[in-house]
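Text of the file run05.cif, holding mmCIF, C-alpha atoms:
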```cif
data_run
#
loop_
_atom_site.label_atom_id
_atom_site.label_comp_id
_atom_site.auth_asym_id
_atom_site.auth_seq_id
_atom_site.Cartn_x
_atom_site.Cartn_y
_atom_site.Cartn_z
CA MET A 187 -15.76 4.61 12.18
CA ALA A 188 -13.75 2.24 14.36
CA ARG A 189 -15.00 1.11 17.74
CA THR A 190 -12.90 -0.82 20.16
CA ALA A 191 -13.29 -3.67 22.59
CA VAL A 192 -10.39 -4.13 24.97
CA ALA A 193 -9.30 -7.64 25.86
CA SER A 194 -6.52 -8.62 28.21
CA SER A 195 -3.95 -9.69 25.59
CA GLY A 196 -5.09 -7.70 22.61
CA PHE A 197 -7.82 -5.65 21.08
CA THR A 198 -10.44 -5.76 18.39
CA LEU A 199 -11.47 -3.01 16.02
CA ARG A 200 -14.76 -3.02 14.16
CA VAL A 201 -14.13 -1.35 10.81
CA MET A 202 -16.53 -0.40 8.04
CA ALA A 203 -15.27 -1.88 4.76
CA ARG A 204 -14.84 1.53 3.11
CA ASN A 205 -11.68 3.46 2.25
CA PRO A 206 -12.07 6.38 4.70
CA SER A 207 -12.87 4.02 7.59
CA ILE A 208 -9.90 1.81 6.73
CA ARG A 209 -7.61 4.84 6.70
CA GLU A 210 -8.95 5.90 10.07
CA ALA A 211 -8.52 2.39 11.51
CA LEU A 212 -4.90 2.24 10.31
CA SER A 213 -4.10 5.51 12.00
CA ASP A 214 -5.83 4.30 15.19
CA LEU A 215 -3.86 1.01 15.12
CA ARG A 216 -0.59 2.80 14.54
CA GLY A 217 -1.25 5.01 17.55
CA ARG A 218 -1.96 1.99 19.77
CA LEU A 219 1.10 0.06 18.56
CA GLU A 220 3.42 3.00 19.11
CA ARG A 221 3.14 2.15 22.83
CA HIS A 222 4.57 -1.32 22.18
CA ASP A 223 8.19 -0.39 21.44
CA LEU A 224 8.03 -1.21 17.75
CA THR A 225 10.59 0.31 15.40
CA LEU A 226 9.44 2.68 12.67
CA GLU A 227 10.02 -0.07 10.11
CA GLU A 228 7.91 -2.50 12.14
CA LEU A 229 5.08 0.02 12.42
CA ASN A 230 5.26 0.46 8.65
CA THR A 231 5.07 -3.32 8.21
CA VAL A 232 1.94 -3.57 10.34
CA GLU A 233 0.33 -0.63 8.56
CA VAL A 234 0.92 -1.81 5.01
CA VAL A 235 -0.05 -5.47 5.63
CA LEU A 236 -3.25 -4.52 7.46
CA ALA A 237 -4.01 -1.96 4.76
CA GLU A 238 -3.73 -4.64 2.06
CA VAL A 239 -5.84 -7.14 3.99
CA MET A 240 -8.58 -4.61 4.77
CA ASN A 241 -8.58 -3.19 1.24
CA ASN A 242 -9.03 -6.72 -0.09
CA VAL A 243 -12.07 -7.21 2.14
CA ALA A 244 -13.58 -3.92 0.95
CA GLU A 245 -12.80 -4.48 -2.74
CA HIS A 246 -13.54 -8.21 -3.06
CA ALA A 247 -15.45 -9.77 -0.16
CA TYR A 248 -17.83 -6.79 0.00
CA ALA A 249 -17.53 -5.79 -3.65
CA TRP A 250 -21.30 -5.56 -4.03
CA ARG A 251 -22.20 -3.73 -0.85
CA GLN A 252 -21.27 -0.55 0.97
CA ASP A 253 -22.33 -1.44 4.52
CA GLY A 254 -19.98 -4.38 5.12
CA GLU A 255 -18.03 -4.59 8.35
CA MET A 256 -14.94 -6.45 9.41
CA LEU A 257 -13.37 -7.23 12.76
CA VAL A 258 -9.64 -6.76 13.12
CA HIS A 259 -8.20 -8.55 16.11
CA LEU A 260 -4.60 -8.00 17.21
CA ARG A 261 -2.74 -9.81 19.95
CA VAL A 262 0.81 -9.10 21.04
CA ALA A 263 2.78 -12.31 21.75
CA THR A 264 6.41 -13.21 22.26
CA ASP A 265 6.80 -14.26 18.61
CA GLY A 266 5.19 -11.14 17.19
CA LEU A 267 1.84 -9.61 16.48
CA HIS A 268 -0.93 -12.13 15.80
CA CYS A 269 -3.63 -10.68 13.56
CA SER A 270 -6.95 -11.93 12.35
CA VAL A 271 -9.45 -10.19 10.12
CA THR A 272 -12.97 -11.57 9.77
CA ASP A 273 -15.80 -10.50 7.49
CA GLU A 274 -19.16 -11.83 6.33
CA GLY A 275 -18.64 -11.09 2.66
CA ARG A 276 -18.09 -13.30 -0.34
CA ALA A 277 -15.64 -16.20 -0.02
CA MET A 278 -12.24 -16.13 -1.72
CA PRO A 279 -12.33 -17.72 -5.19
CA ASP A 280 -11.98 -21.53 -4.78
CA ASP A 281 -11.97 -20.99 -0.99
CA ALA A 282 -8.22 -20.49 -1.21
CA LEU A 283 -5.65 -17.73 -0.87
CA PRO A 284 -4.65 -15.97 -4.08
CA PHE A 285 -1.12 -16.81 -5.09
CA GLY A 286 0.37 -13.30 -5.25
CA GLY A 287 2.94 -14.26 -7.87
CA ASP A 288 6.17 -12.46 -8.59
CA LEU A 289 6.44 -9.68 -11.09
CA ASP A 290 8.81 -10.06 -14.02
CA PRO A 291 10.50 -6.63 -14.14
CA GLY A 292 11.62 -7.30 -17.72
CA MET A 293 8.12 -7.39 -19.18
CA PRO A 294 6.94 -4.59 -21.52
CA ILE A 295 5.40 -1.65 -19.65
CA ASP A 296 2.04 -2.15 -21.34
CA ASP A 297 1.85 -5.69 -19.96
CA LEU A 298 2.59 -4.73 -16.37
CA PRO A 299 -0.28 -5.50 -14.01
CA GLU A 300 -2.02 -2.63 -12.22
CA GLY A 301 -3.25 -4.87 -9.44
CA GLY A 302 -2.30 -7.99 -7.54
CA PHE A 303 0.53 -6.30 -5.65
CA GLY A 304 -1.40 -6.56 -2.41
CA TRP A 305 -1.00 -10.32 -2.02
CA LEU A 306 2.64 -10.04 -2.99
CA ILE A 307 3.19 -7.56 -0.15
CA ILE A 308 1.21 -9.69 2.33
CA ARG A 309 3.13 -12.84 1.45
CA ARG A 310 6.48 -11.09 1.66
CA LEU A 311 5.86 -9.56 5.08
CA ALA A 312 3.46 -11.86 6.97
CA HIS A 313 4.08 -15.30 8.41
CA ASP A 314 1.70 -18.25 8.92
CA VAL A 315 -0.95 -16.80 6.60
CA ARG A 316 -4.12 -18.88 6.83
CA TYR A 317 -7.56 -18.49 5.34
CA LEU A 318 -10.65 -20.15 6.75
CA ARG A 319 -14.20 -19.99 5.42
CA GLN A 320 -16.76 -21.17 7.94
CA SER A 321 -20.50 -20.53 8.37
CA GLY A 322 -20.45 -17.61 5.96
CA VAL A 323 -17.47 -15.96 7.66
CA ASN A 324 -14.05 -15.34 6.11
CA GLU A 325 -11.14 -15.37 8.52
CA LEU A 326 -7.64 -14.43 7.45
CA SER A 327 -5.04 -14.88 10.15
CA PHE A 328 -1.33 -14.20 10.09
CA ARG A 329 1.60 -13.25 12.25
CA LEU A 330 3.88 -10.26 11.86
CA ALA A 331 7.32 -10.87 13.35
CA VAL A 332 7.54 -7.43 14.96
CA GLY A 333 8.46 -6.33 18.47
CA THR A 334 10.55 -9.44 19.09
CA PRO A 335 14.29 -10.12 19.05
CA VAL A 336 13.73 -12.69 16.27
CA GLY A 337 11.69 -10.13 14.35
CA ALA A 338 14.78 -8.23 13.34
CA ALA A 339 16.13 -11.28 11.51
CA ALA A 340 12.90 -11.77 9.56
CA PHE A 341 13.34 -8.49 7.68
CA MET B 126 -4.80 15.30 -4.70
CA ASN B 127 -2.35 18.21 -4.52
CA PHE B 128 0.53 18.34 -7.00
CA GLU B 129 3.17 21.00 -7.53
CA VAL B 130 4.10 20.88 -11.19
CA ARG B 131 7.02 22.72 -12.78
CA GLU B 132 8.99 22.54 -15.97
CA VAL B 133 12.70 21.89 -15.60
CA GLY B 134 14.26 22.56 -18.99
CA PRO B 135 12.62 20.11 -21.41
CA ASP B 136 11.39 17.89 -18.55
CA LEU B 137 8.57 17.98 -16.03
CA LEU B 138 8.80 17.71 -12.25
CA VAL B 139 5.64 16.60 -10.45
CA ARG B 140 5.83 16.88 -6.68
CA VAL B 141 3.06 15.06 -4.81
CA ALA B 142 2.03 17.27 -1.89
CA GLU B 143 0.19 14.51 -0.01
CA ALA B 144 1.16 12.02 2.68
CA ARG B 145 -0.57 8.97 1.20
CA ILE B 146 -1.21 7.36 -2.18
CA ASP B 147 -3.51 4.61 -0.94
CA ALA B 148 -6.78 2.96 -1.94
CA ALA B 149 -8.69 6.09 -0.88
CA ALA B 150 -6.52 8.32 -3.08
CA ALA B 151 -5.58 6.12 -6.06
CA VAL B 152 -8.30 7.37 -8.42
CA GLN B 153 -7.60 11.04 -7.66
CA PHE B 154 -3.89 10.38 -8.14
CA ARG B 155 -4.48 8.84 -11.56
CA ASP B 156 -6.68 11.75 -12.67
CA ALA B 157 -4.26 14.36 -11.34
CA MET B 158 -1.35 12.64 -13.11
CA ARG B 159 -3.29 12.62 -16.37
CA ASP B 160 -3.85 16.39 -16.10
CA ALA B 161 -0.31 17.16 -14.93
CA THR B 162 1.39 15.25 -17.76
CA GLU B 163 -0.87 16.53 -20.57
CA SER B 164 1.77 19.03 -21.70
CA GLY B 165 3.73 16.15 -23.24
CA GLN B 166 7.29 16.43 -21.89
CA ALA B 167 9.35 13.37 -22.82
CA ARG B 168 10.55 12.92 -19.26
CA VAL B 169 8.43 13.21 -16.11
CA VAL B 170 9.98 12.97 -12.65
CA LEU B 171 7.54 12.13 -9.86
CA ASP B 172 8.87 13.47 -6.55
CA LEU B 173 7.40 11.40 -3.70
CA GLY B 174 9.42 13.06 -0.94
CA GLN B 175 6.30 14.06 1.01
CA VAL B 176 4.59 10.68 0.59
CA VAL B 177 5.02 8.40 3.61
CA PHE B 178 2.63 5.61 2.60
CA VAL B 179 1.89 3.83 -0.69
CA ASP B 180 -0.18 0.64 -0.81
CA SER B 181 -0.88 -1.75 -3.71
CA SER B 182 -3.63 0.54 -5.06
CA GLY B 183 -1.11 3.39 -5.10
CA LEU B 184 1.42 1.19 -6.91
CA GLY B 185 -1.26 0.28 -9.44
CA ALA B 186 -2.06 3.96 -9.97
CA ILE B 187 1.61 4.77 -10.59
CA ILE B 188 1.81 1.92 -13.15
CA ALA B 189 -1.37 3.23 -14.78
CA ALA B 190 0.19 6.71 -15.00
CA MET B 191 3.31 5.23 -16.57
CA LYS B 192 1.23 3.41 -19.20
CA HIS B 193 -0.84 6.51 -19.84
CA ILE B 194 2.10 8.76 -20.70
CA GLY B 195 3.03 6.19 -23.33
CA PRO B 196 6.06 4.21 -24.47
CA ASP B 197 7.89 7.20 -25.99
CA ARG B 198 7.95 9.11 -22.71
CA GLN B 199 9.65 8.31 -19.44
CA LEU B 200 8.24 8.31 -15.89
CA GLU B 201 10.89 8.33 -13.19
CA LEU B 202 10.65 8.48 -9.39
CA ALA B 203 12.53 10.55 -6.85
CA ALA B 204 12.86 10.83 -3.07
CA LEU B 205 11.25 7.59 -1.87
CA GLN B 206 10.65 7.52 1.89
CA PRO B 207 11.66 4.23 3.58
CA ALA B 208 8.17 2.68 3.72
CA VAL B 209 7.54 3.65 0.10
CA ALA B 210 10.92 2.38 -1.09
CA ARG B 211 10.16 -0.93 0.59
CA VAL B 212 6.88 -1.62 -1.25
CA PHE B 213 8.64 -0.84 -4.53
CA ARG B 214 11.42 -3.24 -3.57
CA LEU B 215 9.07 -6.02 -2.37
CA THR B 216 7.13 -5.94 -5.64
CA ARG B 217 10.30 -5.43 -7.74
CA LEU B 218 8.77 -2.33 -9.31
CA ASP B 219 12.02 -0.57 -8.34
CA GLU B 220 13.55 -2.59 -11.19
CA VAL B 221 10.93 -1.32 -13.64
CA LEU B 222 11.19 2.40 -12.89
CA THR B 223 14.28 4.55 -12.54
CA VAL B 224 14.53 5.80 -8.95
CA HIS B 225 16.55 8.91 -8.02
CA ALA B 226 17.69 9.80 -4.50
CA ASP B 227 15.93 13.16 -4.78
CA ALA B 228 14.64 15.63 -7.38
CA ALA B 229 17.97 17.45 -7.61
CA ALA B 230 19.71 14.17 -8.47
CA ALA B 231 17.12 13.51 -11.17
CA PHE B 232 18.03 16.80 -12.84
CA ASP B 233 21.78 16.79 -12.18
CA GLY B 234 21.38 19.63 -9.70
CA ARG B 235 19.53 21.85 -12.19
CA ILE B 236 16.78 22.67 -9.68
CA PRO B 237 17.46 24.37 -6.36
CA THR B 238 17.12 22.04 -3.38
CA GLU B 239 14.58 23.12 -0.79
#
```
How does this structure look as structure tokens?
Amino acid sequence: MARTAVASSGFTLRVMARNPSIREALSDLRGRLERHDLTLEELNTVEVVLAEVMNNVAEHAYAWRQDGEMLVHLRVATDGLHCSVTDEGRAMPDDALPFGGDLDPGMPIDDLPEGGFGWLIIRRLAHDVRYLRQSGVNELSFRLAVGTPVGAAAF
Amino acid sequence: MNFEVREVGPDLLVRVAEARIDAAAAVQFRDAMRDATESGQARVVLDLGQVVFVDSSGLGAIIAAMKHIGPDRQLELAALQPAVARVFRLTRLDEVLTVHADAAAAFDGRIPTE
């Protein structure tokens, strides 16, 4: 269940770190952003990056609990959509962002990974990705170059 | 997870009748693929024309399905919507799997287009 607090330049969603709640939050966010003149491709960008970030929180930060919550804050600015996602779950390994390395398409099918694509997608589509661990809180912030004239060039 | 499965000559066409293959649906997708491909056709075409959203969990489930059908059989994709085509491109999985414009193209027009 997603609840909302409205701020002047953006909004915050409180999202339960569970698959159905994440799905619901993504649909809610998409509805709100449709009012901001984003192209279909830009809406898709926002949806998939936020999906990956929220899924990571649910699967890793809150791997051991079902009642975790995260706050998703979005702010529309001239250089794009500024996003931050905070949770009180486990820290990232080594307090650092996973690398999200490239796939080698030539590798044998049996050796292909079945995970790890999320960070690859985030790193390809998001700018200024930063991770901060402070006082038991994880904060991942990033910018999506959407809804701006320069945004078109970034894709 | 709703699939429409039909045999096309010696091959199998699996049409996913869902809008999303995401983290919430990945496990059901994997199970449904295992059931759908049990009949053993050498070539399986997965028609994603109705799927508008695939995330990394969905990609992982498609890779798992490809591994499950085994090295002697082929999993191919058809009808990727723009957002779906993009995640395949970003992860370079479009270079691993054969992608057809639509199901008819995958079967050289042997199935009627709908």
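With all atoms listed in the file as the atoms that count, the residue of A:Val232, A:Leu226, A:Ile208, A:Ile307 with the shortest distance to A:His268 is A:Val232.
Take atom CA of A:Val271 and atom CA of A:Val243: the distance between them is 8.9 Å.
Distances to A:Tyr248 were evaluated for A:Val315, A:Leu298, A:Pro284, A:Met202 using all atoms listed in the file, and the minimum falls at A:Met202.
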Residue with smallest distance to A:Asp290 - pool B:His225, B:Arg217, B:Arg235, B:Lys192, counting all atoms listed in the file: B:Arg217
Reference answer for the PyMOL selection byres ((chain B) within 9 of (chain A)), as a PyMOL selection string: chain B and resi 147-150+178-182+184-189+191-192+195-196+207-208+212+215-221
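Considering only C-alpha atoms, the residue among B:Asp136, B:Glu201, B:Asp227, B:Asp160 positioned nearest to B:Gln175 is B:Asp227.
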Atom-to-atom span, atom CA of B:Arg159 and atom CA of B:Arg131, Å: 14.9 Å
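Here atom CA of B:Arg198 and atom CA of B:Val176 stand 23.6 Å from one another.
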Stretch 202-206 of chain B surroundings by all atoms listed in the file, 7 Å radius, close-in-sequence under 4 positions cut, as a ChimeraX atom specification: /B:170-174,176-177,210,223-228,231
Residues within 10 Å of (1.6, 25.0, -16.7), file coords, all atoms listed in the file, listed as a PyMOL selection string: chain B and resi 130-132+137+161-164
Evaluate the PyMOL selection byres ((chain A and resi 255) around 12) and report residues as an MDAnalysis selection string: chainID A and resid 187:189 199:205 207:208 240:241 243:244 247:248 251:254 256:258 271:275 323:324
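Proximity ranking of A:Leu219, A:Leu283, A:Leu267, A:Val262 relative to A:Tyr317 places A:Leu283 first, based on all atoms listed in the file.
Evaluated against the shown file, the PyMOL selection byres ((chain A and resi 331) around 7) gives Asp265, Gly266, Leu267, Arg329, Leu330, Val332, Gly333, Thr334, Gly337 and Ala340 of chain A.
If all atoms listed in the file are the atoms counted, then among B:Pro135, B:Gly183, B:Arg140, B:Phe128 the closest residue to B:Val152 is B:Gly183.
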Some atoms are absent from stretch 168-187 of chain B, so rebuild N, CA, C and O atoms and return them as a PDB file, keeping the file's coordinate frame.
```pdb
ATOM      1  N   ARG B 168      10.111  13.500 -20.522  1.00  0.00           N
ATOM      2  CA  ARG B 168      10.550  12.920 -19.260  1.00  0.00           C
ATOM      3  C   ARG B 168       9.804  13.565 -18.096  1.00  0.00           C
ATOM      4  O   ARG B 168       9.771  14.798 -17.982  1.00  0.00           O
ATOM      5  N   VAL B 169       9.194  12.721 -17.261  1.00  0.00           N
ATOM      6  CA  VAL B 169       8.430  13.210 -16.110  1.00  0.00           C
ATOM      7  C   VAL B 169       9.046  12.601 -14.860  1.00  0.00           C
ATOM      8  O   VAL B 169       9.186  11.379 -14.758  1.00  0.00           O
ATOM      9  N   VAL B 170       9.442  13.461 -13.916  1.00  0.00           N
ATOM     10  CA  VAL B 170       9.980  12.970 -12.650  1.00  0.00           C
ATOM     11  C   VAL B 170       8.936  13.184 -11.562  1.00  0.00           C
ATOM     12  O   VAL B 170       8.454  14.303 -11.356  1.00  0.00           O
ATOM     13  N   LEU B 171       8.562  12.093 -10.909  1.00  0.00           N
ATOM     14  CA  LEU B 171       7.540  12.130  -9.860  1.00  0.00           C
ATOM     15  C   LEU B 171       8.260  12.152  -8.511  1.00  0.00           C
ATOM     16  O   LEU B 171       8.894  11.172  -8.117  1.00  0.00           O
ATOM     17  N   ASP B 172       8.182  13.297  -7.835  1.00  0.00           N
ATOM     18  CA  ASP B 172       8.870  13.470  -6.550  1.00  0.00           C
ATOM     19  C   ASP B 172       7.919  13.047  -5.429  1.00  0.00           C
ATOM     20  O   ASP B 172       6.892  13.681  -5.178  1.00  0.00           O
ATOM     21  N   LEU B 173       8.262  11.944  -4.759  1.00  0.00           N
ATOM     22  CA  LEU B 173       7.400  11.400  -3.700  1.00  0.00           C
ATOM     23  C   LEU B 173       7.937  11.718  -2.299  1.00  0.00           C
ATOM     24  O   LEU B 173       7.581  11.047  -1.336  1.00  0.00           O
ATOM     25  N   GLY B 174       8.772  12.747  -2.214  1.00  0.00           N
ATOM     26  CA  GLY B 174       9.420  13.060  -0.940  1.00  0.00           C
ATOM     27  C   GLY B 174       8.465  13.327   0.219  1.00  0.00           C
ATOM     28  O   GLY B 174       8.828  13.133   1.370  1.00  0.00           O
ATOM     29  N   GLN B 175       7.253  13.777  -0.081  1.00  0.00           N
ATOM     30  CA  GLN B 175       6.300  14.060   1.010  1.00  0.00           C
ATOM     31  C   GLN B 175       5.370  12.891   1.280  1.00  0.00           C
ATOM     32  O   GLN B 175       4.530  12.939   2.168  1.00  0.00           O
ATOM     33  N   VAL B 176       5.509  11.821   0.483  1.00  0.00           N
ATOM     34  CA  VAL B 176       4.590  10.680   0.590  1.00  0.00           C
ATOM     35  C   VAL B 176       5.185   9.643   1.545  1.00  0.00           C
ATOM     36  O   VAL B 176       6.274   9.135   1.297  1.00  0.00           O
ATOM     37  N   VAL B 177       4.483   9.346   2.632  1.00  0.00           N
ATOM     38  CA  VAL B 177       5.020   8.400   3.610  1.00  0.00           C
ATOM     39  C   VAL B 177       4.393   7.009   3.475  1.00  0.00           C
ATOM     40  O   VAL B 177       4.868   6.044   4.067  1.00  0.00           O
ATOM     41  N   PHE B 178       3.305   6.904   2.691  1.00  0.00           N
ATOM     42  CA  PHE B 178       2.630   5.610   2.600  1.00  0.00           C
ATOM     43  C   PHE B 178       2.074   5.389   1.195  1.00  0.00           C
ATOM     44  O   PHE B 178       1.346   6.228   0.668  1.00  0.00           O
ATOM     45  N   VAL B 179       2.458   4.258   0.599  1.00  0.00           N
ATOM     46  CA  VAL B 179       1.890   3.830  -0.690  1.00  0.00           C
ATOM     47  C   VAL B 179       1.471   2.371  -0.517  1.00  0.00           C
ATOM     48  O   VAL B 179       2.269   1.560  -0.029  1.00  0.00           O
ATOM     49  N   ASP B 180       0.241   2.047  -0.872  1.00  0.00           N
ATOM     50  CA  ASP B 180      -0.180   0.640  -0.810  1.00  0.00           C
ATOM     51  C   ASP B 180      -0.296   0.093  -2.240  1.00  0.00           C
ATOM     52  O   ASP B 180       0.091   0.757  -3.208  1.00  0.00           O
ATOM     53  N   SER B 181      -0.850  -1.126  -2.377  1.00  0.00           N
ATOM     54  CA  SER B 181      -0.880  -1.750  -3.710  1.00  0.00           C
ATOM     55  C   SER B 181      -1.756  -0.952  -4.678  1.00  0.00           C
ATOM     56  O   SER B 181      -1.469  -0.922  -5.868  1.00  0.00           O
ATOM     57  N   SER B 182      -2.797  -0.300  -4.173  1.00  0.00           N
ATOM     58  CA  SER B 182      -3.630   0.540  -5.060  1.00  0.00           C
ATOM     59  C   SER B 182      -2.826   1.724  -5.567  1.00  0.00           C
ATOM     60  O   SER B 182      -2.949   2.111  -6.738  1.00  0.00           O
ATOM     61  N   GLY B 183      -1.982   2.288  -4.702  1.00  0.00           N
ATOM     62  CA  GLY B 183      -1.110   3.390  -5.100  1.00  0.00           C
ATOM     63  C   GLY B 183      -0.097   2.939  -6.136  1.00  0.00           C
ATOM     64  O   GLY B 183       0.165   3.646  -7.116  1.00  0.00           O
ATOM     65  N   LEU B 184       0.474   1.743  -5.929  1.00  0.00           N
ATOM     66  CA  LEU B 184       1.420   1.190  -6.910  1.00  0.00           C
ATOM     67  C   LEU B 184       0.726   1.018  -8.256  1.00  0.00           C
ATOM     68  O   LEU B 184       1.271   1.368  -9.304  1.00  0.00           O
ATOM     69  N   GLY B 185      -0.494   0.482  -8.213  1.00  0.00           N
ATOM     70  CA  GLY B 185      -1.260   0.280  -9.440  1.00  0.00           C
ATOM     71  C   GLY B 185      -1.517   1.592 -10.160  1.00  0.00           C
ATOM     72  O   GLY B 185      -1.431   1.678 -11.389  1.00  0.00           O
ATOM     73  N   ALA B 186      -1.786   2.643  -9.380  1.00  0.00           N
ATOM     74  CA  ALA B 186      -2.060   3.960  -9.970  1.00  0.00           C
ATOM     75  C   ALA B 186      -0.800   4.543 -10.612  1.00  0.00           C
ATOM     76  O   ALA B 186      -0.875   5.214 -11.648  1.00  0.00           O
ATOM     77  N   ILE B 187       0.354   4.281 -10.008  1.00  0.00           N
ATOM     78  CA  ILE B 187       1.610   4.770 -10.590  1.00  0.00           C
ATOM     79  C   ILE B 187       1.908   4.016 -11.897  1.00  0.00           C
ATOM     80  O   ILE B 187       2.325   4.611 -12.896  1.00  0.00           O
TER      81      ILE B 187
END
```
